[in-house]
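Coordinates as given in model06.cif (mmCIF, C-alpha atoms):
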data_work
#
loop_
_atom_site.label_atom_id
_atom_site.label_comp_id
_atom_site.auth_asym_id
_atom_site.auth_seq_id
_atom_site.Cartn_x
_atom_site.Cartn_y
_atom_site.Cartn_z
CA MET A 1 -9.89 -3.16 5.17
CA ASN A 2 -13.06 -4.14 6.97
CA VAL A 3 -16.33 -2.36 7.58
CA GLY A 4 -16.57 -1.14 11.16
CA THR A 5 -17.14 1.90 13.26
CA PHE A 6 -15.17 4.74 11.71
CA TYR A 7 -15.09 8.38 12.65
CA SER A 8 -15.75 11.69 10.98
CA THR A 9 -12.50 13.56 11.11
CA SER A 10 -11.42 17.15 11.42
CA LEU A 11 -7.91 18.54 11.40
CA ARG A 12 -6.32 20.62 14.10
CA GLN A 13 -2.82 22.00 14.16
CA ASN A 14 -0.94 22.21 17.43
CA SER A 15 1.69 24.73 18.46
CA ASP A 16 4.43 22.59 16.89
CA GLY A 17 2.69 22.58 13.50
CA ILE A 18 1.66 18.92 13.78
CA MET A 19 -1.88 18.07 12.69
CA ASN A 20 -4.12 15.85 14.80
CA THR A 21 -7.48 14.29 14.09
CA GLN A 22 -10.52 14.98 16.26
CA SER A 23 -13.14 12.21 16.19
CA PRO A 24 -16.43 13.33 17.74
CA VAL A 25 -18.94 11.39 15.62
CA ALA A 26 -19.06 7.68 14.81
CA THR A 27 -20.33 6.46 11.42
CA ASP A 28 -20.22 3.10 9.61
CA ILE A 29 -18.12 3.75 6.51
CA LEU A 30 -15.10 2.18 4.84
CA GLY A 31 -12.86 5.21 4.95
CA MET A 32 -12.63 8.91 4.41
CA VAL A 33 -11.16 11.31 1.86
CA LEU A 34 -9.94 14.66 3.18
CA LYS A 35 -9.88 17.20 0.37
CA MET A 36 -6.96 19.45 1.25
CA GLN A 37 -6.19 21.65 -1.74
CA PRO A 38 -6.24 24.51 -2.65
CA ASN A 39 -6.73 25.87 0.88
CA ILE A 40 -4.36 23.50 2.69
CA ILE A 41 -1.17 22.06 1.26
CA VAL A 42 0.38 19.32 3.38
CA SER A 43 4.14 18.94 2.94
CA ASP A 44 5.81 15.52 2.93
CA GLU A 45 7.20 16.23 6.42
CA GLN A 46 3.79 17.29 7.78
CA LEU A 47 2.14 14.20 6.29
CA PHE A 48 4.69 11.93 7.95
CA ASP A 49 4.17 13.64 11.31
CA PHE A 50 0.38 13.46 10.86
CA CYS A 51 0.63 9.70 10.30
CA GLN A 52 2.81 9.27 13.40
CA VAL A 53 0.24 10.88 15.71
CA ASN A 54 -2.64 8.95 14.09
CA ARG A 55 -1.19 5.45 14.09
CA ASP A 56 -4.60 3.78 14.47
CA PHE A 57 -5.39 4.65 10.85
CA ARG A 58 -3.83 3.72 7.54
CA ILE A 59 -3.25 6.99 5.72
CA GLU A 60 -2.26 7.56 2.09
CA ARG A 61 -2.16 10.60 -0.20
CA ASN A 62 -3.32 10.56 -3.80
CA HIS A 63 -1.75 12.59 -6.60
CA PHE A 64 -4.38 15.32 -6.12
CA GLY A 65 -3.05 15.97 -2.61
CA GLU A 66 -6.12 14.47 -0.90
CA LEU A 67 -5.61 12.35 2.21
CA LEU A 68 -7.18 8.88 2.25
CA ILE A 69 -7.88 7.71 5.80
CA MET A 70 -8.84 4.08 6.31
CA PRO A 71 -9.64 1.99 9.41
CA PRO A 72 -7.32 -0.84 10.46
CA THR A 73 -7.49 -4.12 8.57
CA GLY A 74 -9.50 -6.97 10.08
CA ALA A 75 -7.60 -9.74 11.84
CA GLU A 76 -8.25 -12.40 9.19
CA THR A 77 -7.00 -10.24 6.33
CA ASP A 78 -3.97 -9.23 8.37
CA GLU A 79 -3.18 -12.89 9.06
CA ARG A 80 -3.28 -13.65 5.32
CA ASN A 81 -1.11 -10.62 4.62
CA PHE A 82 1.38 -11.83 7.25
CA ASN A 83 1.66 -15.16 5.44
CA LEU A 84 2.32 -13.30 2.19
CA ILE A 85 5.04 -11.16 3.76
CA VAL A 86 6.70 -14.18 5.40
CA GLN A 87 7.00 -15.94 2.04
CA LEU A 88 8.34 -12.83 0.34
CA GLY A 89 10.73 -12.24 3.25
CA ILE A 90 12.22 -15.74 3.09
CA TRP A 91 12.88 -15.42 -0.64
CA THR A 92 14.28 -11.89 -0.22
CA LYS A 93 16.78 -13.05 2.39
CA GLN A 94 17.87 -16.02 0.26
CA ASP A 95 18.11 -13.98 -2.94
CA GLY A 96 19.99 -11.07 -1.40
CA THR A 97 19.52 -8.57 -4.25
CA GLY A 98 16.74 -6.48 -2.74
CA VAL A 99 14.84 -5.40 0.35
CA GLY A 100 11.27 -6.26 1.28
CA PHE A 101 8.55 -4.22 2.97
CA GLY A 102 5.26 -4.88 4.76
CA SER A 103 1.99 -2.97 4.74
CA SER A 104 3.03 -0.20 7.15
CA GLY A 105 5.76 1.24 4.92
CA GLY A 106 4.95 4.32 2.84
CA PHE A 107 6.56 5.42 -0.45
CA THR A 108 6.37 8.78 -2.21
CA LEU A 109 5.79 8.04 -5.90
CA PRO A 110 7.06 10.27 -8.72
CA ASN A 111 3.53 11.69 -9.20
CA GLY A 112 3.48 12.93 -5.58
CA ALA A 113 1.17 10.24 -4.20
CA VAL A 114 2.14 8.48 -0.97
CA ARG A 115 1.14 4.81 -1.06
CA SER A 116 1.48 1.84 1.29
CA PRO A 117 1.17 -1.46 -0.61
CA ASP A 118 0.44 -4.60 1.38
CA ALA A 119 3.87 -5.91 0.38
CA ALA A 120 6.69 -4.53 -1.73
CA TRP A 121 10.23 -5.23 -2.92
CA ILE A 122 12.97 -2.85 -4.08
CA LYS A 123 16.40 -3.59 -5.56
CA LYS A 124 19.07 -3.08 -2.92
CA ALA A 125 21.14 -0.73 -5.08
CA ARG A 126 18.18 1.62 -5.64
CA TRP A 127 17.22 1.55 -1.98
CA GLU A 128 20.74 2.23 -0.73
CA ALA A 129 21.06 5.18 -3.14
CA ILE A 130 18.39 7.04 -1.15
CA PRO A 131 19.81 9.22 1.66
CA VAL A 132 19.33 7.61 5.07
CA GLU A 133 17.23 10.50 6.40
CA GLN A 134 14.78 10.13 3.51
CA ARG A 135 14.53 6.39 4.11
CA LYS A 136 13.32 7.09 7.65
CA ARG A 137 10.20 8.83 6.28
CA PHE A 138 8.17 8.11 3.13
CA ALA A 139 11.06 7.28 0.83
CA PRO A 140 10.89 8.91 -2.62
CA ILE A 141 10.83 5.71 -4.65
CA CYS A 142 8.40 3.42 -6.44
CA PRO A 143 8.97 -0.29 -5.68
CA GLU A 144 9.78 -2.69 -8.51
CA PHE A 145 7.26 -5.14 -7.07
CA VAL A 146 4.01 -4.49 -5.18
CA VAL A 147 1.11 -6.56 -3.87
CA GLU A 148 -2.36 -5.42 -2.87
CA LEU A 149 -4.54 -7.93 -1.02
CA ARG A 150 -8.26 -7.31 -1.37
CA SER A 151 -10.39 -7.96 1.71
CA GLU A 152 -14.13 -8.62 1.78
CA THR A 153 -14.98 -4.93 1.89
CA ASP A 154 -12.33 -3.36 -0.37
CA ASN A 155 -13.58 -1.72 -3.55
CA LEU A 156 -12.09 -3.61 -6.50
CA LYS A 157 -12.13 -0.65 -8.88
CA THR A 158 -10.25 1.50 -6.38
CA LEU A 159 -7.56 -1.16 -6.00
CA GLN A 160 -7.30 -1.60 -9.77
CA GLU A 161 -6.75 2.14 -10.20
CA LYS A 162 -4.09 2.00 -7.51
CA MET A 163 -2.31 -0.84 -9.34
CA GLU A 164 -2.35 1.17 -12.58
CA GLU A 165 -0.80 4.06 -10.66
CA TYR A 166 2.05 1.86 -9.45
CA ILE A 167 2.77 0.72 -13.02
CA ASP A 168 2.61 4.28 -14.37
CA ASN A 169 5.16 5.34 -11.74
CA GLY A 170 7.73 2.61 -12.34
CA THR A 171 6.59 -0.71 -10.86
CA GLU A 172 7.71 -3.68 -12.96
CA LEU A 173 5.34 -6.31 -11.53
CA GLY A 174 2.19 -5.92 -9.50
CA TRP A 175 -0.21 -8.48 -8.05
CA LEU A 176 -3.75 -7.63 -7.03
CA ILE A 177 -4.96 -10.65 -5.08
CA ASP A 178 -8.74 -10.68 -4.84
CA ARG A 179 -9.62 -13.05 -2.01
CA LYS A 180 -13.32 -12.29 -2.43
CA GLN A 181 -13.48 -13.75 -5.97
CA ARG A 182 -10.37 -15.93 -5.66
CA LYS A 183 -8.76 -14.15 -8.59
CA VAL A 184 -5.38 -12.58 -9.24
CA PHE A 185 -4.79 -9.61 -11.53
CA ILE A 186 -1.20 -9.33 -12.79
CA TYR A 187 0.11 -5.92 -13.85
CA CYS A 188 3.23 -5.23 -15.95
CA PRO A 189 4.29 -2.18 -18.00
CA ASP A 190 3.05 -2.04 -21.59
CA GLN A 191 0.99 -5.21 -21.19
CA ALA A 192 -2.69 -5.94 -20.80
CA VAL A 193 -3.73 -6.95 -17.30
CA ARG A 194 -3.71 -10.73 -16.91
CA GLU A 195 -6.50 -12.32 -14.88
CA LEU A 196 -6.09 -15.72 -13.22
CA ASP A 197 -8.93 -17.72 -11.69
CA ASN A 198 -8.11 -19.42 -8.39
CA PRO A 199 -4.41 -20.09 -9.06
CA SER A 200 -2.51 -22.20 -6.53
CA THR A 201 0.78 -20.35 -6.96
CA LEU A 202 2.23 -17.18 -8.46
CA GLY A 203 5.70 -16.83 -9.94
CA GLY A 204 7.86 -13.71 -9.63
CA GLU A 205 8.80 -13.72 -13.33
CA ASP A 206 11.85 -11.65 -14.35
CA THR A 207 11.41 -9.18 -11.48
CA LEU A 208 11.67 -11.75 -8.68
CA PRO A 209 13.34 -14.76 -10.34
CA GLY A 210 12.76 -17.93 -8.39
CA PHE A 211 10.09 -16.52 -6.08
CA VAL A 212 6.91 -18.59 -5.93
CA LEU A 213 4.01 -17.49 -3.73
CA ASP A 214 1.93 -20.34 -2.28
CA LEU A 215 -1.63 -19.01 -2.41
CA SER A 216 -3.07 -21.79 -0.26
CA GLN A 217 -1.92 -19.70 2.70
CA ILE A 218 -3.52 -16.55 1.28
CA TRP A 219 -7.00 -17.64 0.18
#

Can you give me the file's structure in the form of structure tokens?
Amino acid sequence: MNVGTFYSTSLRQNSDGIMNTQSPVATDILGMVLKMQPNIIVSDEQLFDFCQVNRDFRIERNHFGELLIMPPTGAETDERNFNLIVQLGIWTKQDGTGVGFGSSGGFTLPNGAVRSPDAAWIKKARWEAIPVEQRKRFAPICPEFVVELRSETDNLKTLQEKMEEYIDNGTELGWLIDRKQRKVFIYCPDQAVRELDNPSTLGGEDTLPGFVLDLSQIW
């Protein structure tokens, strides 16, 4: 996510019960946290509808029920993320045991948070076990594999906490790719975080056997 003009946001609810954002004041910030509870509790359905009518923003929910509203990613970071997704997509199609996702997909984790990793992968059997109607919204599942790609302006500590949350909720392998420092942080359950300096490739280990990410297209 890049620094740019972002807007102070208020919530309004229309006659159909769908919330909209009003944006009267411009400020230069990285994002916004809307503290909802205890006065306002947003259901999963309302959150999905809220995201649909505010497509210009990337919106997540933490386990406290707060909404995290972030501006769109800069073009350069998005281009790097596209390269990442293409590589994961090619392997996913060849392997055939799972399904892949890009940065616009949202998942409801067991702790109630709704997160949108920059890339993710889920075993096909687990994905197909979810009712079709739930798959159309923020599916109640934590991916086996997730990637977060840090841009120039992302807060590293925030992303590290997000990676820990994925692991705590069932992720088997997580990569935090820090383009700013050219480092990769590898997360696995019951293991210390591994830190790699400027690696050229990353292997999918037991979770994605045979997958190798070429980082020359990511840095």

Any chance you could work out the residue set of the PyMOL selection byres ((chain A and resi 148) around 10) here, as an NGL selection string?
:A and (81 or 103 or 116-120 or 146-147 or 149-151 or 159-160 or 162-163 or 174-178 or 185)

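The gap separating CA of Trp121 (chain A) from CA of Thr207 (chain A) is 9.5 Å, in Å to one decimal.
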
List the residues selected by the PyMOL selection byres ((chain A and resi 60) around 10) in the file shown, writing them as number ranges by chain.
A: 33, 47, 51, 57-59, 61-62, 65-70, 106-108, 113-116

Which value, in Å to one decimal, gives the distance between CA of Asn83 (chain A) and CA of Ile218 (chain A)?
6.8 Å

Taking into account all atoms listed in the file, which residue in the set A:Lys35, A:Ala192, A:Ile122, A:Pro72 is nearest to Asn54 (chain A)?
A:Pro72

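The space between CA of Asp206 (chain A) and CA of Val86 (chain A) spans 20.6 Å.
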
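Applied to this file, the PyMOL selection byres ((chain A and resi 187) around 6) selects Leu173, Gly174, Ile186, Cys188 and Val193 of chain A.
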
Padding 3 Å on every side, please: axis-aligned box over the listed atoms of region 170-176 of chain A, centre and edge lengths to one decimal in Å, as AutoDock Vina command-line options.
--center_x 2.0 --center_y -2.9 --center_z -10.0 --size_x 17.5 --size_y 17.1 --size_z 11.9

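In this comparison, which uses all atoms listed in the file, the residue of A:Ala75, A:Leu208, A:Leu215, A:Met32 approaching Arg182 (chain A) most closely is A:Leu215.
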
Do you know which residues are at most 10 Å from Leu109 (chain A) counting all atoms listed in the file, after dropping those on the same chain fewer than 4 positions away, and could you put them as a VMD selection string?
chain A and resid 62 to 63 113 to 115 138 to 143 165 to 166 168 to 170

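Minimum atom-to-atom distances from A:Glu164, A:Gln217, A:Val53, A:Gly112 to Phe82 (chain A) were compared using all atoms listed in the file, and the lowest value belongs to A:Gln217.
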
Under the rule that all atoms listed in the file are counted, which of A:Arg55, A:Glu76, A:Lys183, A:Gln87 is the nearest residue to Asp214 (chain A)?
A:Gln87
